[in-house]
$ cat upload26.cif   # mmCIF, C-alpha atoms
data_model
#
loop_
_atom_site.group_PDB
_atom_site.id
_atom_site.type_symbol
_atom_site.label_atom_id
_atom_site.label_comp_id
_atom_site.auth_asym_id
_atom_site.auth_seq_id
_atom_site.Cartn_x
_atom_site.Cartn_y
_atom_site.Cartn_z
ATOM 1 C CA MET A 1 4.611 10.369 -10.015
ATOM 2 C CA ALA A 2 5.123 6.743 -8.993
ATOM 3 C CA LYS A 3 3.107 5.388 -6.115
ATOM 4 C CA GLY A 4 4.675 3.934 -2.987
ATOM 5 C CA TYR A 5 3.953 0.578 -1.403
ATOM 6 C CA TRP A 6 4.391 -1.194 1.882
ATOM 7 C CA VAL A 7 4.951 -4.905 1.382
ATOM 8 C CA ALA A 8 4.882 -6.914 4.591
ATOM 9 C CA SER A 9 4.921 -10.553 5.548
ATOM 10 C CA LEU A 10 4.151 -11.349 9.169
ATOM 11 C CA THR A 11 3.428 -13.923 11.812
ATOM 12 C CA ILE A 12 1.156 -12.904 14.671
ATOM 13 C CA THR A 13 2.678 -14.055 17.967
ATOM 14 C CA ASP A 14 0.318 -12.193 20.320
ATOM 15 C CA GLN A 15 -3.195 -11.661 18.984
ATOM 16 C CA ALA A 16 -4.156 -9.093 21.655
ATOM 17 C CA LYS A 17 -1.179 -6.893 20.780
ATOM 18 C CA TYR A 18 -1.916 -7.223 17.075
ATOM 19 C CA ASP A 19 -5.554 -6.291 17.699
ATOM 20 C CA ALA A 20 -4.410 -3.182 19.602
ATOM 21 C CA TYR A 21 -2.178 -2.264 16.648
ATOM 22 C CA ARG A 22 -5.010 -2.735 14.142
ATOM 23 C CA ALA A 23 -7.331 -0.606 16.262
ATOM 24 C CA ILE A 24 -5.098 2.467 15.804
ATOM 25 C CA ASN A 25 -3.059 2.010 12.612
ATOM 26 C CA GLY A 26 -5.850 3.384 10.422
ATOM 27 C CA GLU A 27 -5.194 6.917 11.660
ATOM 28 C CA ALA A 28 -1.795 6.964 9.954
ATOM 29 C CA PHE A 29 -3.017 5.163 6.821
ATOM 30 C CA HIS A 30 -5.859 7.637 6.385
ATOM 31 C CA LYS A 31 -3.616 10.664 6.955
ATOM 32 C CA TYR A 32 -1.086 9.545 4.314
ATOM 33 C CA GLY A 33 -3.529 8.119 1.766
ATOM 34 C CA GLY A 34 -2.769 4.435 2.344
ATOM 35 C CA ARG A 35 -5.146 1.790 1.089
ATOM 36 C CA PHE A 36 -4.955 -1.972 1.381
ATOM 37 C CA LEU A 37 -4.444 -3.919 -1.823
ATOM 38 C CA VAL A 38 -3.695 -7.173 -0.004
ATOM 39 C CA ARG A 39 -4.728 -7.886 3.581
ATOM 40 C CA GLY A 40 -4.256 -11.546 4.353
ATOM 41 C CA GLY A 41 -5.913 -13.913 1.929
ATOM 42 C CA ALA A 42 -4.751 -16.978 0.101
ATOM 43 C CA PHE A 43 -1.278 -17.096 -1.437
ATOM 44 C CA GLU A 44 1.280 -19.505 -2.795
ATOM 45 C CA THR A 45 5.056 -19.357 -2.886
ATOM 46 C CA PRO A 46 6.237 -20.583 -6.307
ATOM 47 C CA ALA A 47 9.876 -19.657 -5.571
ATOM 48 C CA GLY A 48 11.986 -18.686 -2.598
ATOM 49 C CA GLY A 49 11.822 -19.485 1.066
ATOM 50 C CA ASP A 50 8.969 -20.062 3.452
ATOM 51 C CA PRO A 51 7.240 -16.706 4.070
ATOM 52 C CA HIS A 52 5.254 -15.675 7.101
ATOM 53 C CA PRO A 53 1.600 -16.803 6.936
ATOM 54 C CA ARG A 54 0.086 -13.302 6.509
ATOM 55 C CA GLN A 55 0.826 -11.039 3.509
ATOM 56 C CA ILE A 56 -0.037 -7.335 3.324
ATOM 57 C CA VAL A 57 0.373 -4.736 0.559
ATOM 58 C CA ILE A 58 -0.633 -1.114 1.160
ATOM 59 C CA GLU A 59 -0.598 1.454 -1.650
ATOM 60 C CA PHE A 60 0.210 5.136 -1.051
ATOM 61 C CA PRO A 61 -0.109 8.062 -3.474
ATOM 62 C CA SER A 62 3.710 8.408 -3.585
ATOM 63 C CA TYR A 63 6.889 6.795 -2.331
ATOM 64 C CA GLN A 64 7.416 9.815 -0.061
ATOM 65 C CA ALA A 65 3.942 9.392 1.460
ATOM 66 C CA ALA A 66 4.723 5.725 2.154
ATOM 67 C CA LYS A 67 7.946 6.665 3.956
ATOM 68 C CA ASP A 68 6.326 9.570 5.794
ATOM 69 C CA CYS A 69 3.517 7.342 7.034
ATOM 70 C CA TYR A 70 5.941 4.791 8.470
ATOM 71 C CA HIS A 71 7.943 7.452 10.310
ATOM 72 C CA SER A 72 4.906 9.441 11.477
ATOM 73 C CA PRO A 73 4.062 9.784 15.171
ATOM 74 C CA GLU A 74 0.700 8.148 14.451
ATOM 75 C CA TYR A 75 2.259 4.996 13.006
ATOM 76 C CA GLN A 76 5.007 4.877 15.609
ATOM 77 C CA ARG A 77 2.246 4.710 18.257
ATOM 78 C CA ALA A 78 0.726 1.782 16.366
ATOM 79 C CA ILE A 79 4.095 0.006 16.279
ATOM 80 C CA ALA A 80 4.467 0.521 20.029
ATOM 81 C CA ALA A 81 0.997 -0.975 20.567
ATOM 82 C CA ARG A 82 1.906 -4.181 18.742
ATOM 83 C CA SER A 83 5.302 -4.268 20.474
ATOM 84 C CA ASP A 84 6.645 -7.803 20.140
ATOM 85 C CA GLY A 85 3.270 -9.210 19.065
ATOM 86 C CA VAL A 86 4.433 -9.934 15.511
ATOM 87 C CA GLU A 87 7.425 -11.205 13.616
ATOM 88 C CA ILE A 88 7.564 -9.085 10.476
ATOM 89 C CA ASP A 89 9.482 -8.507 7.262
ATOM 90 C CA HIS A 90 8.504 -5.087 5.911
ATOM 91 C CA VAL A 91 9.776 -3.098 2.943
ATOM 92 C CA ILE A 92 8.766 0.274 1.534
ATOM 93 C CA VAL A 93 9.148 0.316 -2.215
ATOM 94 C CA GLU A 94 8.685 2.856 -4.985
ATOM 95 C CA GLY A 95 6.254 1.837 -7.716
ATOM 96 C CA TYR A 96 7.154 1.690 -11.381
ATOM 97 C CA ASP A 97 5.732 4.336 -13.691
ATOM 98 C CA GLY A 98 7.630 3.532 -16.900
ATOM 99 C CA PRO A 99 6.787 1.769 -20.134
ATOM 100 C CA GLN A 100 5.271 -1.699 -20.046
ATOM 101 C CA PRO A 101 6.086 -4.607 -22.312
#

$ encode --input "upload26.cif" --output "structure tokens"
Amino acid sequence: MAKGYWVASLTITDQAKYDAYRAINGEAFHKYGGRFLVRGGAFETPAGGDPHPRQIVIEFPSYQAAKDCYHSPEYQRAIAARSDGVEIDHVIVEGYDGPQP
């Protein structure tokens, strides 16, 4: 079964709201098996537009778990806590489990 991923690019516009979000988002991630692969850190943009300054990738055991986590009451509370404290581009994507070159 292919894993699921959250891929997000964000700009923090209110640090206090983002801190409140971070203080409670772990409940949902733990419940649905999410683990950070990328959480900030250095990056470069070799093609495309100008991304937000913070990049995040979270891995889940399945695509369904990734979707369920986002829509869960636990994560919806975390979203409410951050309110308008971030500008974010966020996708949920199914991993690839097929042959490799």

$ residues_near_point --input "upload26.cif" --point "(8.9, 5.7, -15.5)" --cutoff "9 Å" --atoms "only C-alpha atoms" --output "PyMOL selection string"
chain A and resi 1-2+96-99

$ residues_around --input "upload26.cif" --residues "Glu94 of chain A" --least-positions-apart "5" --cutoff "8 Å" --atoms "all atoms listed in the file" --output "ChimeraX atom specification"
/A:2-5,62-63

$ closest_residue --input "upload26.cif" --among "A:Gln64, A:Gln55, A:Gln76, A:Ser9" --to "Asn25 of chain A" --atoms "all atoms listed in the file"
A:Gln76

$ resolve_selection --input "upload26.cif" --expression "the PyMOL selection byres ((chain A and resi 30) around 12)" --output "JSON, numbers by chain"
{"A": [24, 25, 26, 27, 28, 29, 31, 32, 33, 34, 35, 36, 58, 59, 60, 61, 65, 66, 69, 74, 75]}

$ atom_distance --input "upload26.cif" --atom1 "atom CA of Pro73 of chain A" --atom2 "atom CA of Asp19 of chain A"
18.9 Å

$ residues_near_point --input "upload26.cif" --point "(3.8, -5.0, 19.8)" --cutoff "10 Å" --atoms "only C-alpha atoms" --output "MDAnalysis selection string"
chainID A and resid 12:21 77:87

$ atom_distance --input "upload26.cif" --atom1 "atom CA of Arg54 of chain A" --atom2 "atom CA of Asp68 of chain A"
23.7 Å

$ resolve_selection --input "upload26.cif" --expression "the PyMOL selection byres ((chain A and resi 49-53) around 10)" --output "number ranges by chain"
A: 8-12, 40-48, 54-55, 87-89

$ atom_distance --input "upload26.cif" --atom1 "atom CA of Pro101 of chain A" --atom2 "atom CA of Trp6 of chain A"
24.5 Å

$ resolve_selection --input "upload26.cif" --expression "the PyMOL selection byres ((chain A and resi 91) around 6)" --output "PyMOL selection string"
chain A and resi 6-7+90+92

$ axis_aligned_box --input "upload26.cif" --around "segment 35-38 of chain A" --padding-each-side "5 Å" --output "lines of an AutoDock Vina configuration file"
center_x = -4.4
center_y = -2.7
center_z = -0.2
size_x = 11.5
size_y = 19.0
size_z = 13.2

$ build_atoms --input "upload26.cif" --residues "segment 16-27 of chain A" --atoms "N, CA, C and O atoms" --output "CSV table (one decimal), in the frame of the given file"
chain,number,residue,atom,x,y,z
A,16,ALA,N,-3.7,-10.3,21.0
A,16,ALA,CA,-4.2,-9.1,21.7
A,16,ALA,C,-3.3,-7.9,21.3
A,16,ALA,O,-3.9,-6.8,21.0
A,17,LYS,N,-2.0,-8.0,21.2
A,17,LYS,CA,-1.2,-6.9,20.8
A,17,LYS,C,-1.4,-6.5,19.3
A,17,LYS,O,-1.5,-5.3,19.0
A,18,TYR,N,-1.6,-7.5,18.5
A,18,TYR,CA,-1.9,-7.2,17.1
A,18,TYR,C,-3.3,-6.5,16.9
A,18,TYR,O,-3.4,-5.6,16.1
A,19,ASP,N,-4.2,-7.0,17.7
A,19,ASP,CA,-5.6,-6.3,17.7
A,19,ASP,C,-5.4,-4.8,18.1
A,19,ASP,O,-6.1,-4.0,17.6
A,20,ALA,N,-4.6,-4.6,19.1
A,20,ALA,CA,-4.4,-3.2,19.6
A,20,ALA,C,-3.8,-2.4,18.5
A,20,ALA,O,-4.2,-1.2,18.3
A,21,TYR,N,-2.8,-2.9,17.8
A,21,TYR,CA,-2.2,-2.3,16.6
A,21,TYR,C,-3.2,-1.9,15.6
A,21,TYR,O,-3.3,-0.8,15.1
A,22,ARG,N,-4.0,-2.9,15.2
A,22,ARG,CA,-5.0,-2.7,14.1
A,22,ARG,C,-6.0,-1.7,14.5
A,22,ARG,O,-6.6,-1.0,13.7
A,23,ALA,N,-6.3,-1.6,15.8
A,23,ALA,CA,-7.3,-0.6,16.3
A,23,ALA,C,-6.9,0.8,16.0
A,23,ALA,O,-7.7,1.7,15.9
A,24,ILE,N,-5.6,1.1,15.9
A,24,ILE,CA,-5.1,2.5,15.8
A,24,ILE,C,-4.3,2.8,14.5
A,24,ILE,O,-4.0,3.9,14.3
A,25,ASN,N,-3.9,1.7,13.8
A,25,ASN,CA,-3.1,2.0,12.6
A,25,ASN,C,-3.8,2.8,11.5
A,25,ASN,O,-3.2,3.5,10.7
A,26,GLY,N,-5.1,2.7,11.5
A,26,GLY,CA,-5.8,3.4,10.4
A,26,GLY,C,-5.7,4.9,10.4
A,26,GLY,O,-5.8,5.5,9.4
A,27,GLU,N,-5.4,5.5,11.6
A,27,GLU,CA,-5.2,6.9,11.7
A,27,GLU,C,-4.1,7.3,10.7
A,27,GLU,O,-4.2,8.3,10.0
